[in-house]
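Engineer: For reference, the file work_32.cif (mmCIF, C-alpha atoms (C1' of nucleotides)) is included below:
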```
data_run
#
loop_
_atom_site.group_PDB
_atom_site.id
_atom_site.type_symbol
_atom_site.label_atom_id
_atom_site.label_comp_id
_atom_site.auth_asym_id
_atom_site.auth_seq_id
_atom_site.Cartn_x
_atom_site.Cartn_y
_atom_site.Cartn_z
ATOM 1 C CA MET A 1 17.142 15.412 2.683
ATOM 2 C CA ASN A 2 15.426 12.043 2.521
ATOM 3 C CA TYR A 3 15.056 9.417 -0.156
ATOM 4 C CA TRP A 4 11.948 7.398 -0.944
ATOM 5 C CA LEU A 5 10.677 4.793 -3.337
ATOM 6 C CA LEU A 6 7.363 5.129 -5.161
ATOM 7 C CA LYS A 7 5.768 2.169 -6.870
ATOM 8 C CA SER A 8 3.633 2.556 -9.927
ATOM 9 C CA GLU A 9 2.226 0.169 -12.483
ATOM 10 C CA PRO A 10 3.536 1.551 -15.776
ATOM 11 C CA ASN A 11 0.263 0.855 -17.566
ATOM 12 C CA GLU A 12 -1.356 3.167 -14.989
ATOM 13 C CA TYR A 13 1.357 5.816 -14.770
ATOM 14 C CA SER A 14 4.910 5.317 -16.021
ATOM 15 C CA ILE A 15 8.155 7.247 -15.817
ATOM 16 C CA ASP A 16 7.540 8.298 -19.419
ATOM 17 C CA ASP A 17 4.187 9.752 -18.389
ATOM 18 C CA LEU A 18 5.953 11.728 -15.692
ATOM 19 C CA ALA A 19 8.654 12.846 -18.143
ATOM 20 C CA GLN A 20 5.901 14.119 -20.407
ATOM 21 C CA ASP A 21 3.841 15.779 -17.647
ATOM 22 C CA GLN A 22 6.961 17.065 -15.851
ATOM 23 C CA GLU A 23 4.988 17.068 -12.586
ATOM 24 C CA THR A 24 2.058 15.261 -11.037
ATOM 25 C CA ILE A 25 0.080 14.850 -7.838
ATOM 26 C CA TRP A 26 0.772 11.383 -6.445
ATOM 27 C CA ASP A 27 -2.878 10.569 -5.902
ATOM 28 C CA GLY A 28 -4.771 7.366 -5.212
ATOM 29 C CA VAL A 29 -2.790 6.050 -2.245
ATOM 30 C CA ARG A 30 -5.298 4.509 0.182
ATOM 31 C CA ASN A 31 -3.089 2.688 2.612
ATOM 32 C CA TYR A 32 -2.391 4.312 5.965
ATOM 33 C CA GLN A 33 1.229 3.245 6.250
ATOM 34 C CA ALA A 34 1.971 4.596 2.788
ATOM 35 C CA ARG A 35 0.070 7.800 3.560
ATOM 36 C CA ASN A 36 2.070 8.293 6.729
ATOM 37 C CA PHE A 37 5.266 8.185 4.695
ATOM 38 C CA LEU A 38 3.757 10.666 2.217
ATOM 39 C CA ARG A 39 3.026 12.988 5.160
ATOM 40 C CA GLU A 40 6.662 12.778 6.262
ATOM 41 C CA MET A 41 8.010 13.865 2.901
ATOM 42 C CA GLN A 42 9.697 17.229 2.644
ATOM 43 C CA ARG A 43 10.229 19.546 -0.250
ATOM 44 C CA SER A 44 13.295 18.589 -2.317
ATOM 45 C CA ASP A 45 13.327 14.983 -1.100
ATOM 46 C CA LEU A 46 14.154 12.555 -3.904
ATOM 47 C CA ALA A 47 12.100 9.507 -4.833
ATOM 48 C CA PHE A 48 13.077 6.497 -6.892
ATOM 49 C CA PHE A 49 10.379 5.658 -9.401
ATOM 50 C CA TYR A 50 9.679 1.927 -9.466
ATOM 51 C CA HIS A 51 7.650 0.029 -12.045
ATOM 52 C CA SER A 52 5.637 -2.765 -10.438
ATOM 53 C CA ASN A 53 3.548 -5.557 -11.942
ATOM 54 C CA VAL A 54 5.758 -5.828 -15.021
ATOM 55 C CA LYS A 55 8.486 -8.241 -16.033
ATOM 56 C CA PRO A 56 10.856 -7.510 -14.574
ATOM 57 C CA PRO A 57 9.901 -4.947 -11.933
ATOM 58 C CA ALA A 58 12.559 -2.236 -11.785
ATOM 59 C CA ILE A 59 13.706 1.162 -10.582
ATOM 60 C CA VAL A 60 13.497 3.303 -13.709
ATOM 61 C CA GLY A 61 13.876 6.923 -12.713
ATOM 62 C CA LEU A 62 14.133 9.712 -10.211
ATOM 63 C CA ALA A 63 11.610 12.317 -9.070
ATOM 64 C CA ARG A 64 11.734 15.245 -6.703
ATOM 65 C CA VAL A 65 9.149 16.264 -4.103
ATOM 66 C CA ILE A 66 8.109 19.813 -4.953
ATOM 67 C CA GLU A 67 5.028 20.276 -2.762
ATOM 68 C CA THR A 68 4.036 18.584 0.488
ATOM 69 C CA GLN A 69 0.798 18.079 2.445
ATOM 70 C CA VAL A 70 -1.333 18.134 -0.674
ATOM 71 C CA ALA A 71 -4.900 16.954 -0.075
ATOM 72 C CA ASP A 72 -5.469 14.163 -2.587
ATOM 73 C CA PRO A 73 -8.200 15.617 -4.832
ATOM 74 C CA THR A 74 -9.579 12.202 -5.793
ATOM 75 C CA GLN A 75 -10.903 11.624 -2.254
ATOM 76 C CA PHE A 76 -13.563 14.312 -2.840
ATOM 77 C CA ASP A 77 -14.542 13.146 -6.316
ATOM 78 C CA PRO A 78 -17.587 10.832 -6.272
ATOM 79 C CA GLU A 79 -16.694 9.706 -9.787
ATOM 80 C CA SER A 80 -13.208 8.591 -8.760
ATOM 81 C CA PRO A 81 -12.425 5.018 -7.729
ATOM 82 C CA TYR A 82 -10.487 6.632 -4.875
ATOM 83 C CA TYR A 83 -13.493 8.592 -3.588
ATOM 84 C CA ASP A 84 -13.705 8.540 0.206
ATOM 85 C CA PRO A 85 -17.122 9.688 1.447
ATOM 86 C CA LYS A 86 -15.821 9.905 5.015
ATOM 87 C CA SER A 87 -13.265 12.540 4.091
ATOM 88 C CA THR A 88 -14.136 16.233 4.101
ATOM 89 C CA PRO A 89 -12.223 19.224 2.715
ATOM 90 C CA ASP A 90 -12.031 20.588 6.271
ATOM 91 C CA SER A 91 -10.216 17.511 7.533
ATOM 92 C CA PRO A 92 -8.939 15.524 4.593
ATOM 93 C CA ARG A 93 -7.922 11.999 5.417
ATOM 94 C CA TRP A 94 -5.514 11.489 2.529
ATOM 95 C CA GLN A 95 -2.535 13.760 2.048
ATOM 96 C CA THR A 96 0.027 13.291 -0.650
ATOM 97 C CA VAL A 97 2.773 15.200 -2.454
ATOM 98 C CA LYS A 98 3.395 16.756 -5.807
ATOM 99 C CA ILE A 99 6.459 15.398 -7.564
ATOM 100 C CA ALA A 100 8.515 16.582 -10.518
ATOM 101 C CA PHE A 101 10.421 14.549 -13.083
ATOM 102 C CA VAL A 102 14.188 14.579 -12.545
ATOM 103 C CA GLU A 103 15.643 11.948 -14.843
ATOM 104 C CA LYS A 104 15.358 8.448 -16.128
ATOM 105 C CA LEU A 105 17.901 6.115 -14.589
ATOM 106 C CA LYS A 106 19.619 3.107 -16.009
ATOM 107 C CA ARG A 107 17.115 0.417 -15.052
ATOM 108 C CA ILE A 108 17.866 -1.657 -11.972
ATOM 109 C CA THR A 109 15.661 -4.731 -11.956
ATOM 110 C CA LEU A 110 14.289 -6.389 -8.852
ATOM 111 C CA PRO A 111 16.628 -9.398 -9.257
ATOM 112 C CA GLN A 112 19.552 -6.959 -9.413
ATOM 113 C CA LEU A 113 18.286 -5.097 -6.361
ATOM 114 C CA LYS A 114 18.078 -8.414 -4.519
ATOM 115 C CA GLU A 115 21.719 -9.074 -5.321
ATOM 116 C CA MET A 116 22.737 -5.606 -4.170
ATOM 117 C CA PHE A 117 20.728 -5.315 -0.960
ATOM 118 C CA HIS A 118 19.512 -7.343 1.990
ATOM 119 C CA PRO A 119 15.776 -7.180 2.738
ATOM 120 C CA GLU A 120 16.571 -5.235 5.933
ATOM 121 C CA GLU A 121 18.372 -2.589 3.866
ATOM 122 C CA LEU A 122 15.693 -2.058 1.255
ATOM 123 C CA ALA A 123 12.068 -2.979 1.920
ATOM 124 C CA VAL A 124 11.146 -3.419 -1.741
ATOM 125 C CA VAL A 125 13.267 -6.587 -1.971
ATOM 126 C CA LYS A 126 11.420 -8.121 0.964
ATOM 127 C CA LYS A 127 9.192 -11.007 -0.017
ATOM 128 C CA GLY A 128 5.525 -10.175 0.154
ATOM 129 C CA ASN A 129 6.073 -6.448 0.452
ATOM 130 C CA ARG A 130 3.036 -4.601 -0.873
ATOM 131 C CA LEU A 131 3.722 -1.113 0.402
ATOM 132 C CA SER A 132 3.653 1.420 -2.436
ATOM 133 C CA VAL A 133 5.555 4.199 -0.655
ATOM 134 C CA MET A 134 8.627 3.454 1.417
ATOM 135 C CA PRO A 135 11.720 5.185 2.745
ATOM 136 C CA VAL A 136 15.193 4.491 1.359
ATOM 137 C CA SER A 137 18.272 5.161 3.492
ATOM 138 C CA SER A 138 20.802 7.578 2.033
ATOM 139 C CA ALA A 139 23.481 4.867 2.058
ATOM 140 C CA VAL A 140 21.275 2.640 -0.101
ATOM 141 C CA ALA A 141 20.248 5.616 -2.252
ATOM 142 C CA GLN A 142 23.887 6.467 -2.963
ATOM 143 C CA ARG A 143 24.614 2.921 -4.074
ATOM 144 C CA ILE A 144 21.592 2.947 -6.387
ATOM 145 C CA LEU A 145 22.606 6.291 -7.873
ATOM 146 C CA THR A 146 26.215 5.185 -8.338
ATOM 147 C CA TYR A 147 25.065 2.019 -10.023
ATOM 148 C CA SER A 148 22.623 3.682 -12.380
ATOM 149 C CA ASN A 149 24.752 6.587 -13.559
ATOM 150 C "C1'" DG B 1 -3.004 -17.497 -14.050
ATOM 151 C "C1'" DC B 2 -1.599 -18.695 -9.466
ATOM 152 C "C1'" DC B 3 -1.122 -17.699 -4.943
ATOM 153 C "C1'" DA B 4 1.421 -15.753 -0.718
ATOM 154 C "C1'" DA B 5 1.161 -11.883 1.986
ATOM 155 C "C1'" DC B 6 -1.424 -8.853 4.233
ATOM 156 C "C1'" DG B 7 -4.853 -4.971 4.825
ATOM 157 C "C1'" DT B 8 -9.827 -4.252 5.579
ATOM 158 C "C1'" DT B 9 -14.502 -5.342 6.754
ATOM 159 C "C1'" DG B 10 -18.126 -6.791 9.454
ATOM 160 C "C1'" DG B 11 -20.517 -10.198 12.459
ATOM 161 C "C1'" DC B 12 -20.553 -11.463 16.960
ATOM 162 C "C1'" DG C 1 -12.056 -6.276 20.472
ATOM 163 C "C1'" DC C 2 -11.521 -10.675 18.088
ATOM 164 C "C1'" DC C 3 -11.051 -13.005 14.017
ATOM 165 C "C1'" DA C 4 -12.960 -15.258 9.767
ATOM 166 C "C1'" DA C 5 -13.962 -13.942 5.315
ATOM 167 C "C1'" DC C 6 -12.826 -11.349 1.701
ATOM 168 C "C1'" DG C 7 -10.279 -8.276 -1.489
ATOM 169 C "C1'" DT C 8 -6.002 -6.536 -3.360
ATOM 170 C "C1'" DT C 9 -1.158 -6.329 -4.480
ATOM 171 C "C1'" DG C 10 2.348 -7.870 -7.040
ATOM 172 C "C1'" DG C 11 6.081 -11.358 -7.820
ATOM 173 C "C1'" DC C 12 6.603 -15.471 -10.146
#
```
What is this structure when it is put down as structure tokens?
Structural biologist:
Amino acid sequence: MNYWLLKSEPNEYSIDDLAQDQETIWDGVRNYQARNFLREMQRSDLAFFYHSNVKPPAIVGLARVIETQVADPTQFDPESPYYDPKSTPDSPRWQTVKIAFVEKLKRITLPQLKEMFHPEELAVVKKGNRLSVMPVSSAVAQRILTYSN
DNA sequence: GCCAACGTTGGC
DNA sequence: GCCAACGTTGGC
């Protein structure tokens, strides 16, 4: 089983939104590196839910991957800001996953994460990192879970 | 609000 | 295929 980190701006979609919805399709990712990680995800993988673009940014919860290789529906929707006219239902360009709410965690802020981990251990503490989907090693994941329980 | 980092676009 | 210009992310 693998661990991941998913960034979201809470004014777009927060952990409370996920707690209310219980599950959601992680749509709107339009970065190839992030998509490649989404393609690697397997059912029952766990993802840390991270709030970005707020003060302070923080890990706030946990989600579980419940369905993989989901074609992002927004790529076919001309009304969506994520519409991709070059993508067809026969060969969708953007795959994602469906995730389910697991729990809210005791918040770990970015400054705290920087104290706990080196940039090589956890990409989200690296300066200038803009990737919205990234892997987390199980050693790092265990330390986060221990800290926030 | 600023701006560093970095991905994407498009002219050549 | 290079790279300058441009746009976006996201911490500060």
Engineer: Evaluate the PyMOL selection byres ((chain A and resi 58-67) around 8) here and jot the selected residues down as a PyMOL selection string.
Structural biologist: chain A and resi 15+41-52+56-57+68-70+97-110
Engineer: Near chain B, which residues of chain A fall within 10 Å when you count only C-alpha atoms (C1' of nucleotides), and what do they look like as a PyMOL selection string?
Structural biologist: chain A and resi 31-32+127-130
Engineer: Record the distance separating CA of Asp16 (chain A) and CA of Pro78 (chain A), expressed in Å with one decimal.
Structural biologist: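 Computing it gives 28.5 Å between the two atoms.
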Engineer: Suppose you want the space between CA of Asp77 (chain A) and CA of Met134 (chain A); what is it in Å?
Structural biologist: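 Taking CA of Asp77 (chain A) as the start and CA of Met134 (chain A) as the end point, the length is 26.3 Å.
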Engineer: Could you list the residues chosen by the PyMOL selection byres ((chain A and resi 87) around 12) in this structure as a list in words?
Structural biologist: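 Applied to this file, the PyMOL selection byres ((chain A and resi 87) around 12) returns Arg30, Ala71, Asp72, Pro73, Thr74, Gln75, Phe76, Asp77, Pro78, Tyr82, Tyr83, Asp84, Pro85, Lys86, Thr88, Pro89, Asp90, Ser91, Pro92, Arg93, Trp94 and Gln95 of chain A.
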Engineer: Have a look at CA of Pro10 (chain A) and CA of Val124 (chain A) and let me know their distance in Å, one decimal.
Structural biologist: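 Between CA of Pro10 (chain A) and CA of Val124 (chain A) the gap is 16.7 Å.
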Engineer: Assuming 4 Å of padding per side, give the centre and edge lengths of the axis-aligned box around every listed atom of region 4-12 of chain B, in Å to one decimal and as JSON.
Structural biologist:
```
{"center_x": -9.6, "center_y": -10.0, "center_z": 8.1, "size_x": 30.0, "size_y": 19.5, "size_z": 25.7}
```
Engineer: Could you name the residues that touch Ser138 (chain A) at 12 Å or less, counting only C-alpha atoms (C1' of nucleotides), but leaving out those on the same chain fewer than 6 positions away, as a PyMOL selection string?
Structural biologist: chain A and resi 1-5+45-48+121-122+144-146
Engineer: Taking the partial coordinates given, rebuild region 85-107 of chain A to contain N, CA, C and O atoms; return it as a compact mmCIF listing (two decimals), keeping the file's coordinate frame.
Structural biologist:
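Result written to out00.txt:
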```
# COMPACT_ATOMS: atom_id res chain seq x y z
N PRO A 85 -16.01 8.88 0.94
CA PRO A 85 -17.12 9.69 1.45
C PRO A 85 -16.93 10.15 2.89
O PRO A 85 -17.59 11.08 3.33
N LYS A 86 -16.04 9.52 3.61
CA LYS A 86 -15.82 9.90 5.01
C LYS A 86 -14.83 11.05 5.15
O LYS A 86 -14.57 11.52 6.26
N SER A 87 -14.25 11.46 4.04
CA SER A 87 -13.26 12.54 4.09
C SER A 87 -13.91 13.86 3.69
O SER A 87 -14.71 13.91 2.76
N THR A 88 -13.58 14.92 4.42
CA THR A 88 -14.14 16.23 4.10
C THR A 88 -13.00 17.21 3.81
O THR A 88 -11.90 17.03 4.34
N PRO A 89 -13.27 18.23 3.00
CA PRO A 89 -12.22 19.22 2.72
C PRO A 89 -11.67 19.89 3.98
O PRO A 89 -10.52 20.32 4.00
N ASP A 90 -12.50 19.99 5.02
CA ASP A 90 -12.03 20.59 6.27
C ASP A 90 -11.00 19.72 6.97
O ASP A 90 -10.05 20.23 7.58
N SER A 91 -11.21 18.40 6.92
CA SER A 91 -10.22 17.51 7.53
C SER A 91 -9.98 16.33 6.61
O SER A 91 -10.50 15.24 6.81
N PRO A 92 -9.20 16.59 5.55
CA PRO A 92 -8.94 15.52 4.59
C PRO A 92 -8.18 14.37 5.24
O PRO A 92 -7.32 14.59 6.10
N ARG A 93 -8.53 13.19 4.83
CA ARG A 93 -7.92 12.00 5.42
C ARG A 93 -6.65 11.61 4.66
O ARG A 93 -5.75 11.02 5.22
N TRP A 94 -6.60 11.96 3.38
CA TRP A 94 -5.51 11.49 2.53
C TRP A 94 -4.68 12.66 2.01
O TRP A 94 -5.14 13.42 1.17
N GLN A 95 -3.47 12.76 2.56
CA GLN A 95 -2.54 13.76 2.05
C GLN A 95 -1.50 13.08 1.17
O GLN A 95 -1.14 11.93 1.41
N THR A 96 -1.02 13.83 0.19
CA THR A 96 0.03 13.29 -0.65
C THR A 96 1.00 14.40 -1.01
O THR A 96 1.06 15.43 -0.31
N VAL A 97 1.78 14.20 -2.04
CA VAL A 97 2.77 15.20 -2.45
C VAL A 97 2.66 15.42 -3.96
O VAL A 97 2.10 14.61 -4.68
N LYS A 98 3.22 16.54 -4.37
CA LYS A 98 3.40 16.76 -5.81
C LYS A 98 4.86 16.48 -6.12
O LYS A 98 5.74 16.92 -5.39
N ILE A 99 5.08 15.72 -7.19
CA ILE A 99 6.46 15.40 -7.56
C ILE A 99 6.77 15.92 -8.96
O ILE A 99 5.86 16.11 -9.78
N ALA A 100 8.06 16.14 -9.20
CA ALA A 100 8.52 16.58 -10.52
C ALA A 100 9.49 15.56 -11.08
O ALA A 100 10.25 14.92 -10.34
N PHE A 101 9.48 15.43 -12.39
CA PHE A 101 10.42 14.55 -13.08
C PHE A 101 11.84 15.08 -12.91
O PHE A 101 12.08 16.28 -13.03
N VAL A 102 12.77 14.19 -12.60
CA VAL A 102 14.19 14.58 -12.54
C VAL A 102 14.92 13.95 -13.72
O VAL A 102 15.45 14.65 -14.58
N GLU A 103 14.95 12.62 -13.74
CA GLU A 103 15.64 11.95 -14.84
C GLU A 103 15.24 10.48 -14.87
O GLU A 103 14.75 9.93 -13.90
N LYS A 104 15.45 9.89 -16.04
CA LYS A 104 15.36 8.45 -16.13
C LYS A 104 16.70 7.88 -15.70
O LYS A 104 17.74 8.47 -15.98
N LEU A 105 16.66 6.76 -15.01
CA LEU A 105 17.90 6.12 -14.59
C LEU A 105 18.11 4.85 -15.40
O LEU A 105 17.16 4.29 -15.95
N LYS A 106 19.36 4.42 -15.46
CA LYS A 106 19.62 3.11 -16.01
C LYS A 106 18.84 2.12 -15.14
O LYS A 106 18.98 2.11 -13.93
N ARG A 107 18.00 1.31 -15.78
CA ARG A 107 17.11 0.42 -15.05
C ARG A 107 17.87 -0.50 -14.09
O ARG A 107 18.87 -1.09 -14.47
```
